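Dumped protein-v4.txt below, it's compact mmCIF, C-alpha atoms and all ligand atoms:
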```txt
# COMPACT_ATOMS: atom_id res chain seq x y z
CA MET A 1 55.09 29.03 -124.90
CA ALA A 2 51.60 28.31 -123.62
CA ASP A 3 48.70 30.00 -125.28
CA ARG A 4 47.79 32.72 -122.80
CA THR A 5 45.01 35.19 -123.62
CA PRO A 6 46.28 38.70 -122.85
CA LEU A 7 44.45 40.47 -120.04
CA MET A 8 44.14 44.24 -119.65
CA ALA A 9 42.82 45.46 -116.32
CA ALA A 10 41.76 49.00 -115.41
CA ASN A 11 42.44 49.76 -111.74
CA TRP A 12 40.51 52.94 -111.04
CA LYS A 13 41.60 53.04 -107.38
CA MET A 14 39.55 55.70 -105.53
CA HIS A 15 38.24 57.41 -108.65
CA LYS A 16 34.80 57.64 -110.29
CA THR A 17 31.23 57.61 -109.03
CA ALA A 18 28.65 55.23 -110.49
CA ALA A 19 27.59 57.93 -112.97
CA ASP A 20 31.22 58.55 -113.99
CA ALA A 21 31.69 54.80 -114.46
CA THR A 22 28.67 54.49 -116.74
CA ALA A 23 29.78 57.49 -118.81
CA PHE A 24 33.27 55.97 -119.11
CA LEU A 25 31.93 52.61 -120.31
CA ASP A 26 29.60 54.31 -122.80
CA GLU A 27 32.76 55.66 -124.43
CA LEU A 28 35.08 52.71 -123.93
CA LEU A 29 32.92 49.79 -125.03
CA PRO A 30 32.32 50.93 -128.65
CA GLU A 31 36.05 51.60 -128.95
CA ILE A 32 37.08 48.08 -127.98
CA GLU A 33 34.16 46.21 -129.57
CA ASP A 34 36.23 44.99 -132.49
CA VAL A 35 39.26 43.97 -130.41
CA GLU A 36 39.57 40.19 -130.39
CA GLY A 37 41.59 37.85 -128.23
CA VAL A 38 42.05 40.21 -125.25
CA ASP A 39 40.34 39.82 -121.87
CA VAL A 40 39.35 43.13 -120.30
CA VAL A 41 38.65 43.68 -116.60
CA ILE A 42 37.34 46.92 -115.03
CA CYS A 43 38.08 47.42 -111.31
CA PRO A 44 36.00 50.36 -110.04
CA PRO A 45 35.58 51.45 -106.44
CA LEU A 46 33.05 49.27 -104.64
CA THR A 47 30.26 51.85 -104.85
CA ALA A 48 30.44 51.87 -108.66
CA LEU A 49 30.65 48.09 -108.99
CA PRO A 50 26.91 47.45 -109.53
CA ALA A 51 26.77 50.15 -112.25
CA VAL A 52 29.81 48.62 -113.96
CA VAL A 53 28.32 45.12 -113.74
CA GLU A 54 25.12 46.40 -115.32
CA ALA A 55 26.89 48.27 -118.13
CA LEU A 56 29.00 45.19 -118.91
CA SER A 57 26.13 42.73 -118.86
CA GLY A 58 26.14 40.55 -121.96
CA ARG A 59 29.68 41.65 -122.89
CA GLY A 60 32.92 39.76 -122.46
CA THR A 61 34.41 42.46 -120.24
CA ARG A 62 34.46 41.61 -116.53
CA ALA A 63 33.92 43.71 -113.42
CA ALA A 64 36.29 43.32 -110.48
CA ALA A 65 36.78 44.60 -106.96
CA GLN A 66 40.01 46.11 -105.65
CA ASN A 67 40.18 44.17 -102.38
CA MET A 68 38.17 41.84 -100.12
CA HIS A 69 38.30 40.26 -96.66
CA GLU A 70 39.33 36.63 -96.24
CA GLU A 71 36.46 35.66 -93.92
CA ALA A 72 32.98 34.83 -95.21
CA GLU A 73 31.33 37.15 -92.69
CA GLY A 74 31.86 38.53 -89.21
CA ALA A 75 32.56 41.60 -87.11
CA TYR A 76 34.92 43.35 -89.56
CA THR A 77 33.61 46.88 -89.91
CA GLY A 78 34.10 48.34 -93.36
CA GLU A 79 35.05 45.05 -95.02
CA VAL A 80 33.36 42.89 -97.67
CA SER A 81 33.66 39.16 -98.37
CA ALA A 82 34.12 37.21 -101.59
CA ALA A 83 30.48 36.12 -101.53
CA MET A 84 29.38 39.75 -101.19
CA LEU A 85 31.38 40.62 -104.28
CA THR A 86 29.91 37.81 -106.37
CA ASP A 87 26.50 38.80 -105.02
CA VAL A 88 26.77 42.13 -106.87
CA GLY A 89 28.22 40.49 -109.98
CA ALA A 90 31.98 40.89 -109.57
CA GLN A 91 33.98 38.20 -111.37
CA ALA A 92 37.49 39.07 -110.23
CA VAL A 93 39.33 40.81 -107.41
CA ILE A 94 42.68 42.58 -107.11
CA LEU A 95 44.54 41.26 -104.06
CA GLY A 96 47.70 42.54 -102.42
CA HIS A 97 47.99 45.79 -104.33
CA SER A 98 51.04 47.67 -103.07
CA GLU A 99 48.84 50.55 -101.91
CA ARG A 100 46.94 48.09 -99.70
CA ARG A 101 50.26 46.71 -98.43
CA GLN A 102 51.77 50.16 -97.84
CA TYR A 103 48.84 52.13 -96.44
CA PHE A 104 46.41 49.56 -95.06
CA GLY A 105 48.57 46.88 -93.53
CA GLU A 106 47.87 44.12 -96.06
CA THR A 107 50.06 41.14 -95.20
CA ASP A 108 51.29 38.09 -97.08
CA GLU A 109 49.60 35.97 -94.40
CA ALA A 110 46.20 37.55 -95.06
CA LEU A 111 46.74 37.06 -98.78
CA ALA A 112 47.40 33.37 -98.23
CA ARG A 113 43.83 33.22 -96.93
CA LYS A 114 42.26 35.69 -99.35
CA ILE A 115 43.35 33.85 -102.48
CA PRO A 116 41.70 30.49 -101.64
CA ALA A 117 38.60 32.40 -100.43
CA ALA A 118 38.37 34.25 -103.74
CA LEU A 119 38.88 31.03 -105.74
CA ALA A 120 36.25 29.19 -103.70
CA ALA A 121 33.74 31.94 -104.48
CA GLY A 122 34.52 31.74 -108.19
CA LEU A 123 36.40 35.06 -108.32
CA LEU A 124 39.54 35.40 -110.41
CA PRO A 125 42.25 36.69 -108.04
CA ILE A 126 44.71 39.21 -109.49
CA LEU A 127 47.62 38.94 -107.05
CA CYS A 128 49.96 41.96 -107.04
CA VAL A 129 53.62 41.66 -106.15
CA GLY A 130 56.58 43.99 -106.57
CA GLU A 131 59.61 45.49 -104.92
CA LEU A 132 60.40 48.91 -103.44
CA GLU A 133 63.01 51.07 -105.13
CA SER A 134 65.41 50.51 -102.22
CA GLU A 135 64.95 46.74 -102.58
CA ARG A 136 65.74 46.91 -106.31
CA GLU A 137 68.81 49.04 -105.63
CA GLY A 138 69.89 46.59 -102.95
CA GLY A 139 69.68 43.70 -105.43
CA GLU A 140 66.80 42.16 -103.50
CA THR A 141 64.13 42.12 -106.22
CA GLU A 142 64.19 38.36 -106.76
CA ALA A 143 64.16 37.62 -103.04
CA VAL A 144 61.22 39.97 -102.48
CA LEU A 145 59.24 38.35 -105.28
CA GLU A 146 60.09 34.91 -103.94
CA ARG A 147 58.87 35.86 -100.47
CA GLN A 148 55.65 37.46 -101.73
CA ILE A 149 54.74 34.69 -104.17
CA GLY A 150 55.74 31.93 -101.77
CA ALA A 151 53.69 33.33 -98.91
CA ALA A 152 50.59 34.36 -100.84
CA LEU A 153 50.36 31.09 -102.74
CA ALA A 154 51.48 28.83 -99.89
CA THR A 155 48.09 27.18 -99.57
CA ILE A 156 47.25 26.91 -103.27
CA GLU A 157 46.95 23.53 -104.92
CA ALA A 158 49.05 23.19 -108.05
CA GLY A 159 45.92 22.62 -110.13
CA ALA A 160 44.46 25.99 -109.11
CA LEU A 161 47.38 28.00 -110.46
CA ALA A 162 45.85 28.52 -113.87
CA ASP A 163 42.88 30.27 -112.21
CA ILE A 164 45.11 32.98 -110.76
CA VAL A 165 46.50 36.08 -112.43
CA VAL A 166 49.68 37.65 -111.07
CA ALA A 167 50.55 41.32 -111.60
CA TYR A 168 54.16 42.41 -111.27
CA GLU A 169 54.09 46.01 -110.13
CA PRO A 170 57.42 47.48 -109.07
CA ILE A 171 56.39 50.03 -106.46
CA TRP A 172 58.78 52.69 -107.75
CA ALA A 173 56.96 52.61 -111.11
CA ILE A 174 53.40 53.03 -109.80
CA GLY A 175 51.94 56.44 -110.54
CA THR A 176 55.41 57.91 -110.98
CA GLY A 177 55.65 57.95 -114.77
CA ARG A 178 58.75 55.76 -114.40
CA THR A 179 57.97 52.50 -116.17
CA ALA A 180 60.24 49.53 -115.75
CA GLY A 181 62.05 49.02 -119.03
CA PRO A 182 60.51 46.22 -121.08
CA GLU A 183 63.56 44.01 -120.51
CA GLN A 184 63.57 44.80 -116.78
CA ALA A 185 59.87 43.90 -116.57
CA GLN A 186 60.41 40.76 -118.65
CA GLU A 187 63.26 39.65 -116.40
CA ALA A 188 61.22 40.02 -113.19
CA ILE A 189 58.16 38.37 -114.75
CA ALA A 190 60.21 35.44 -116.05
CA HIS A 191 61.51 35.05 -112.50
CA ILE A 192 57.93 35.03 -111.18
CA ARG A 193 57.07 32.33 -113.71
CA SER A 194 59.98 30.23 -112.52
CA LEU A 195 58.77 30.67 -108.92
CA LEU A 196 55.29 29.56 -109.98
CA SER A 197 56.71 26.47 -111.64
CA ARG A 198 58.08 25.41 -108.24
CA ILE A 199 54.50 25.43 -106.97
CA GLY A 200 52.85 23.79 -109.90
CA ALA A 201 55.33 22.39 -112.38
CA GLY A 202 53.46 22.46 -115.71
CA GLY A 203 50.80 24.90 -114.51
CA ALA A 204 53.10 27.94 -114.41
CA ASP A 205 53.08 28.21 -118.17
CA ALA A 206 49.34 28.83 -118.17
CA VAL A 207 49.40 31.63 -115.57
CA ARG A 208 48.90 35.09 -116.94
CA ILE A 209 51.40 37.54 -115.50
CA LEU A 210 50.68 41.22 -116.03
CA TYR A 211 52.97 44.21 -115.76
CA GLY A 212 51.77 47.30 -113.88
CA GLY A 213 53.36 50.67 -113.17
CA SER A 214 52.87 53.73 -115.39
CA VAL A 215 51.57 51.75 -118.37
CA LYS A 216 50.50 54.24 -121.06
CA PRO A 217 49.40 53.96 -124.70
CA ALA A 218 52.97 55.00 -125.64
CA ASN A 219 54.72 52.11 -123.87
CA ALA A 220 52.08 49.37 -123.92
CA VAL A 221 53.08 47.83 -127.24
CA GLU A 222 56.73 47.30 -126.34
CA LEU A 223 55.82 45.91 -122.93
CA MET A 224 53.35 43.49 -124.50
CA ALA A 225 55.98 42.34 -127.00
CA GLN A 226 57.95 40.67 -124.19
CA THR A 227 57.67 36.88 -124.07
CA ASP A 228 56.38 36.54 -120.53
CA ILE A 229 54.25 39.70 -120.23
CA ASP A 230 50.62 38.72 -120.70
CA GLY A 231 48.86 42.00 -120.11
CA ALA A 232 48.76 45.09 -117.95
CA LEU A 233 47.28 46.39 -114.73
CA VAL A 234 46.69 50.04 -115.50
CA GLY A 235 46.05 52.81 -112.98
CA GLY A 236 46.27 56.44 -114.13
CA ALA A 237 45.90 55.74 -117.85
CA SER A 238 42.79 53.63 -117.26
CA LEU A 239 40.80 56.67 -116.11
CA GLU A 240 40.47 58.00 -119.64
CA PRO A 241 38.51 55.81 -122.12
CA GLY A 242 40.66 56.70 -125.15
CA ASP A 243 43.91 55.88 -123.37
CA PHE A 244 42.63 52.63 -121.92
CA ALA A 245 41.17 51.59 -125.30
CA ALA A 246 44.59 52.15 -126.89
CA ILE A 247 46.18 49.98 -124.20
CA VAL A 248 43.58 47.23 -124.74
CA ARG A 249 44.39 47.30 -128.45
CA ALA A 250 48.08 46.92 -127.65
CA GLY A 251 47.21 43.50 -126.23
CA ALA A 252 45.65 42.25 -129.47
P1 LIG B 1 49.69 53.40 -112.52
O1 LIG B 1 49.09 52.40 -111.44
O2 LIG B 1 49.36 52.85 -113.88
O3 LIG B 1 49.00 54.71 -112.26
O4 LIG B 1 51.17 53.47 -112.30
C1 LIG B 1 49.18 51.01 -111.62
C2 LIG B 1 48.61 50.28 -110.42
O5 LIG B 1 48.83 50.75 -109.29
O6 LIG B 1 47.92 49.25 -110.54
```
Target format structure tokens, applied to this file:
Amino acid sequence: MADRTPLMAANWKMHKTAADATAFLDELLPEIEDVEGVDVVICPPLTALPAVVEALSGRGTRAAAQNMHEEAEGAYTGEVSAAMLTDVGAQAVILGHSERRQYFGETDEALARKIPAALAAGLLPILCVGELESEREGGETEAVLERQIGAALATIEAGALADIVVAYEPIWAIGTGRTAGPEQAQEAIAHIRSLLSRIGAGGADAVRILYGGSVKPANAVELMAQTDIDGALVGGASLEPGDFAAIVRAGA
């Protein structure tokens, strides 16, 4: 197995003001100071991003955005570009989160343009994929993952694979308290790795693939024990510093 540094990402979604973010990091950072060998990424709402960047300055922990537009600039009211994110100090960006796909019309085609745009700006893309409950029940999980990965990474050069993080987030497990079982998550993530190896033969082994969907301190250790699970994308449990610190420690 390739040596992949675990990555724990906090996806705050539409929670926390700049002041809330600073207070959170004042509590979190001392708690994870002694944790070694785990990359940590905080994804606040855009308005709190500068405060998070400032609080993280000089630390290993990175600040990330939750979405971006694929164009560099233009008449796209309400949108921001990759260069605008790096301008305020973001180092990564979540792309294709299921909530963006479900509620805001995010498409695989747009993602195929967003990922190279993020890479070109020096942002680490965290590409989210995952099936609906009806798709899992219909035995379509693998086909859905194949379609999502194939489309989003269609324009990626094999050599760029290692600069991308993929998050497997079964939609039925997000915010529902229903985590995929560790073996279920491992199986889907191993499948994603095999899909990645079609794009970039050797490179797939270096790609970090996270699990997301109701990750909590109580289930993080067993999820992280799976061979192909390299970290977690955490929503609800990342809003509380003690819970997120416990999840970060589960990655060590
Ligand atoms: P959750 O969210 O941990 O609240 O299920 C995960 C995510 O949507 O990234």
Expected answer as number ranges by chain: residues within 9 Å of ligand LIG 1 (chain B), only C-alpha atoms and all ligand atoms: A: 9-13, 97-99, 128, 167, 169, 171-179, 211-216, 232-238
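Comparing the minimum interatomic distances between Ala245 (chain A) and each of A:Ile32, A:Leu46, A:Ala152, A:Met8, counting all atoms listed in the file, we find that A:Ile32 sits nearest.
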Selection as a short mmCIF file (atom, residue, chain, number, x, y, z; two decimals) with C-alpha atoms, in the coordinates of the input: residues within 10 Å of (36.4, 56.4, -124.0), counting all atoms listed in the file:
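Saved result, part.cif, follows:
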```cif
data_model
loop_
_atom_site.label_atom_id
_atom_site.label_comp_id
_atom_site.auth_asym_id
_atom_site.auth_seq_id
_atom_site.Cartn_x
_atom_site.Cartn_y
_atom_site.Cartn_z
CA ALA A 23 29.78 57.49 -118.81
CA PHE A 24 33.27 55.97 -119.11
CA LEU A 25 31.93 52.61 -120.31
CA ASP A 26 29.60 54.31 -122.80
CA GLU A 27 32.76 55.66 -124.43
CA LEU A 28 35.08 52.71 -123.93
CA LEU A 29 32.92 49.79 -125.03
CA PRO A 30 32.32 50.93 -128.65
CA GLU A 31 36.05 51.60 -128.95
CA ILE A 32 37.08 48.08 -127.98
CA SER A 238 42.79 53.63 -117.26
CA LEU A 239 40.80 56.67 -116.11
CA GLU A 240 40.47 58.00 -119.64
CA PRO A 241 38.51 55.81 -122.12
CA GLY A 242 40.66 56.70 -125.15
CA ASP A 243 43.91 55.88 -123.37
CA PHE A 244 42.63 52.63 -121.92
CA ALA A 245 41.17 51.59 -125.30
CA ALA A 246 44.59 52.15 -126.89
#
```
Exercise: region 248-252 of chain A partners within 8 Å, only C-alpha atoms, chain neighbours under 3 positions left out, as a ChimeraX atom specification: /A:6-8,32,35-38,40,217,220-221,224,231,244-245
Among the residues A:Gly74, A:Ala18, A:Leu145, A:Met68, the one that comes closest to Thr47 (chain A) [using all atoms listed in the file]: A:Ala18
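Relative to CA of Ala65 (chain A), CA of Ser81 (chain A) is found at 10.6 Å.
Nearest to Gly60 (chain A) of all the residues A:Ile42, A:Ala218, A:Ala72, A:Ala48 is A:Ile42, based on all atoms listed in the file.
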Ref. answer, residues at most 7 Å from (52.9, 38.6, -119.0) with all atoms listed in the file, as a ChimeraX atom specification: /A:189,208-211,228-231
Spatial neighbours of region 106-122 of chain A, max dist 8 Å, all atoms listed in the file, sep filter under 5 positions, as JSON, numbers by chain: {"A": [68, 69, 70, 71, 82, 83, 86, 91, 93, 95, 96, 100, 101, 148, 151, 152, 153, 154, 155, 156, 163]}
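Candidate residues A:Gly130, A:Pro50, A:Gly200, A:Pro45 were compared for distance to Gly159 (chain A), and the nearest is A:Gly200, using all atoms listed in the file.
You will find CA of Ile149 (chain A) at 21.3 Å from CA of Pro182 (chain A).
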All residues 10 Å or closer to Ala206 (chain A), all atoms listed in the file, same chain fewer than 5 positions away omitted, as an MDAnalysis selection string: chainID A and resid 1:5 161:165 193
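Atom pair CA of Val144 (chain A) / CA of Leu196 (chain A) has a distance of 14.1 Å (rounded to one decimal).
Take the candidates A:Asp87, A:Gly181, A:Ala160, A:Asp39 and check each one against Ile247 (chain A) using only C-alpha atoms; the shortest distance goes to A:Asp39.
Taking all atoms listed in the file into account, Ala225 (chain A) lies nearest to A:Gln186 out of the set A:Thr22, A:Gln186, A:Ser197, A:Ser134.
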Grab all the atoms of region 65-68 of chain A that the file lists, wrap them in a box along x, y and z, add 5 Å per side, and give me centre plus edge lengths in Å (one decimal) as JSON.
```
{"center_x": 38.5, "center_y": 44.0, "center_z": -103.5, "size_x": 13.4, "size_y": 14.3, "size_z": 16.8}
```
Starting from the incomplete input, reconstruct N, CA and C atoms of region 9-26 of chain A and write that as a PDB file, keeping the file's coordinate frame.
```
ATOM      1  N   ALA A   9      43.687  45.110-117.446  1.00  0.00           N
ATOM      2  CA  ALA A   9      42.820  45.460-116.320  1.00  0.00           C
ATOM      3  C   ALA A   9      42.958  46.952-115.990  1.00  0.00           C
ATOM      4  N   ALA A  10      41.805  47.587-115.785  1.00  0.00           N
ATOM      5  CA  ALA A  10      41.760  49.000-115.410  1.00  0.00           C
ATOM      6  C   ALA A  10      41.555  49.073-113.901  1.00  0.00           C
ATOM      7  N   ASN A  11      42.547  49.590-113.197  1.00  0.00           N
ATOM      8  CA  ASN A  11      42.440  49.760-111.740  1.00  0.00           C
ATOM      9  C   ASN A  11      42.155  51.233-111.469  1.00  0.00           C
ATOM     10  N   TRP A  12      40.895  51.531-111.222  1.00  0.00           N
ATOM     11  CA  TRP A  12      40.510  52.940-111.040  1.00  0.00           C
ATOM     12  C   TRP A  12      40.864  53.473-109.657  1.00  0.00           C
ATOM     13  N   LYS A  13      41.283  52.608-108.754  1.00  0.00           N
ATOM     14  CA  LYS A  13      41.600  53.040-107.380  1.00  0.00           C
ATOM     15  C   LYS A  13      40.419  53.842-106.827  1.00  0.00           C
ATOM     16  N   MET A  14      40.672  54.950-106.125  1.00  0.00           N
ATOM     17  CA  MET A  14      39.550  55.700-105.530  1.00  0.00           C
ATOM     18  C   MET A  14      39.142  56.840-106.465  1.00  0.00           C
ATOM     19  N   HIS A  15      38.702  56.442-107.662  1.00  0.00           N
ATOM     20  CA  HIS A  15      38.240  57.410-108.650  1.00  0.00           C
ATOM     21  C   HIS A  15      36.920  56.925-109.239  1.00  0.00           C
ATOM     22  N   LYS A  16      36.045  57.826-109.540  1.00  0.00           N
ATOM     23  CA  LYS A  16      34.800  57.640-110.290  1.00  0.00           C
ATOM     24  C   LYS A  16      33.615  57.197-109.430  1.00  0.00           C
ATOM     25  N   THR A  17      32.528  57.977-109.600  1.00  0.00           N
ATOM     26  CA  THR A  17      31.230  57.610-109.030  1.00  0.00           C
ATOM     27  C   THR A  17      30.558  56.631-109.990  1.00  0.00           C
ATOM     28  N   ALA A  18      29.387  56.133-109.601  1.00  0.00           N
ATOM     29  CA  ALA A  18      28.650  55.230-110.490  1.00  0.00           C
ATOM     30  C   ALA A  18      28.323  55.933-111.806  1.00  0.00           C
ATOM     31  N   ALA A  19      27.919  57.192-111.739  1.00  0.00           N
ATOM     32  CA  ALA A  19      27.590  57.930-112.970  1.00  0.00           C
ATOM     33  C   ALA A  19      28.834  58.117-113.841  1.00  0.00           C
ATOM     34  N   ASP A  20      29.964  58.419-113.221  1.00  0.00           N
ATOM     35  CA  ASP A  20      31.220  58.550-113.990  1.00  0.00           C
ATOM     36  C   ASP A  20      31.563  57.220-114.673  1.00  0.00           C
ATOM     37  N   ALA A  21      31.342  56.130-113.939  1.00  0.00           N
ATOM     38  CA  ALA A  21      31.690  54.800-114.460  1.00  0.00           C
ATOM     39  C   ALA A  21      30.849  54.475-115.693  1.00  0.00           C
ATOM     40  N   THR A  22      29.561  54.775-115.613  1.00  0.00           N
ATOM     41  CA  THR A  22      28.670  54.490-116.740  1.00  0.00           C
ATOM     42  C   THR A  22      29.073  55.339-117.949  1.00  0.00           C
ATOM     43  N   ALA A  23      29.377  56.609-117.707  1.00  0.00           N
ATOM     44  CA  ALA A  23      29.780  57.490-118.810  1.00  0.00           C
ATOM     45  C   ALA A  23      31.073  56.981-119.452  1.00  0.00           C
ATOM     46  N   PHE A  24      31.997  56.517-118.612  1.00  0.00           N
ATOM     47  CA  PHE A  24      33.270  55.970-119.110  1.00  0.00           C
ATOM     48  C   PHE A  24      33.018  54.767-120.016  1.00  0.00           C
ATOM     49  N   LEU A  25      32.164  53.845-119.536  1.00  0.00           N
ATOM     50  CA  LEU A  25      31.930  52.610-120.310  1.00  0.00           C
ATOM     51  C   LEU A  25      31.154  52.903-121.595  1.00  0.00           C
ATOM     52  N   ASP A  26      30.289  53.910-121.564  1.00  0.00           N
ATOM     53  CA  ASP A  26      29.600  54.310-122.800  1.00  0.00           C
ATOM     54  C   ASP A  26      30.607  54.705-123.879  1.00  0.00           C
TER      55      ASP A  26
END
```
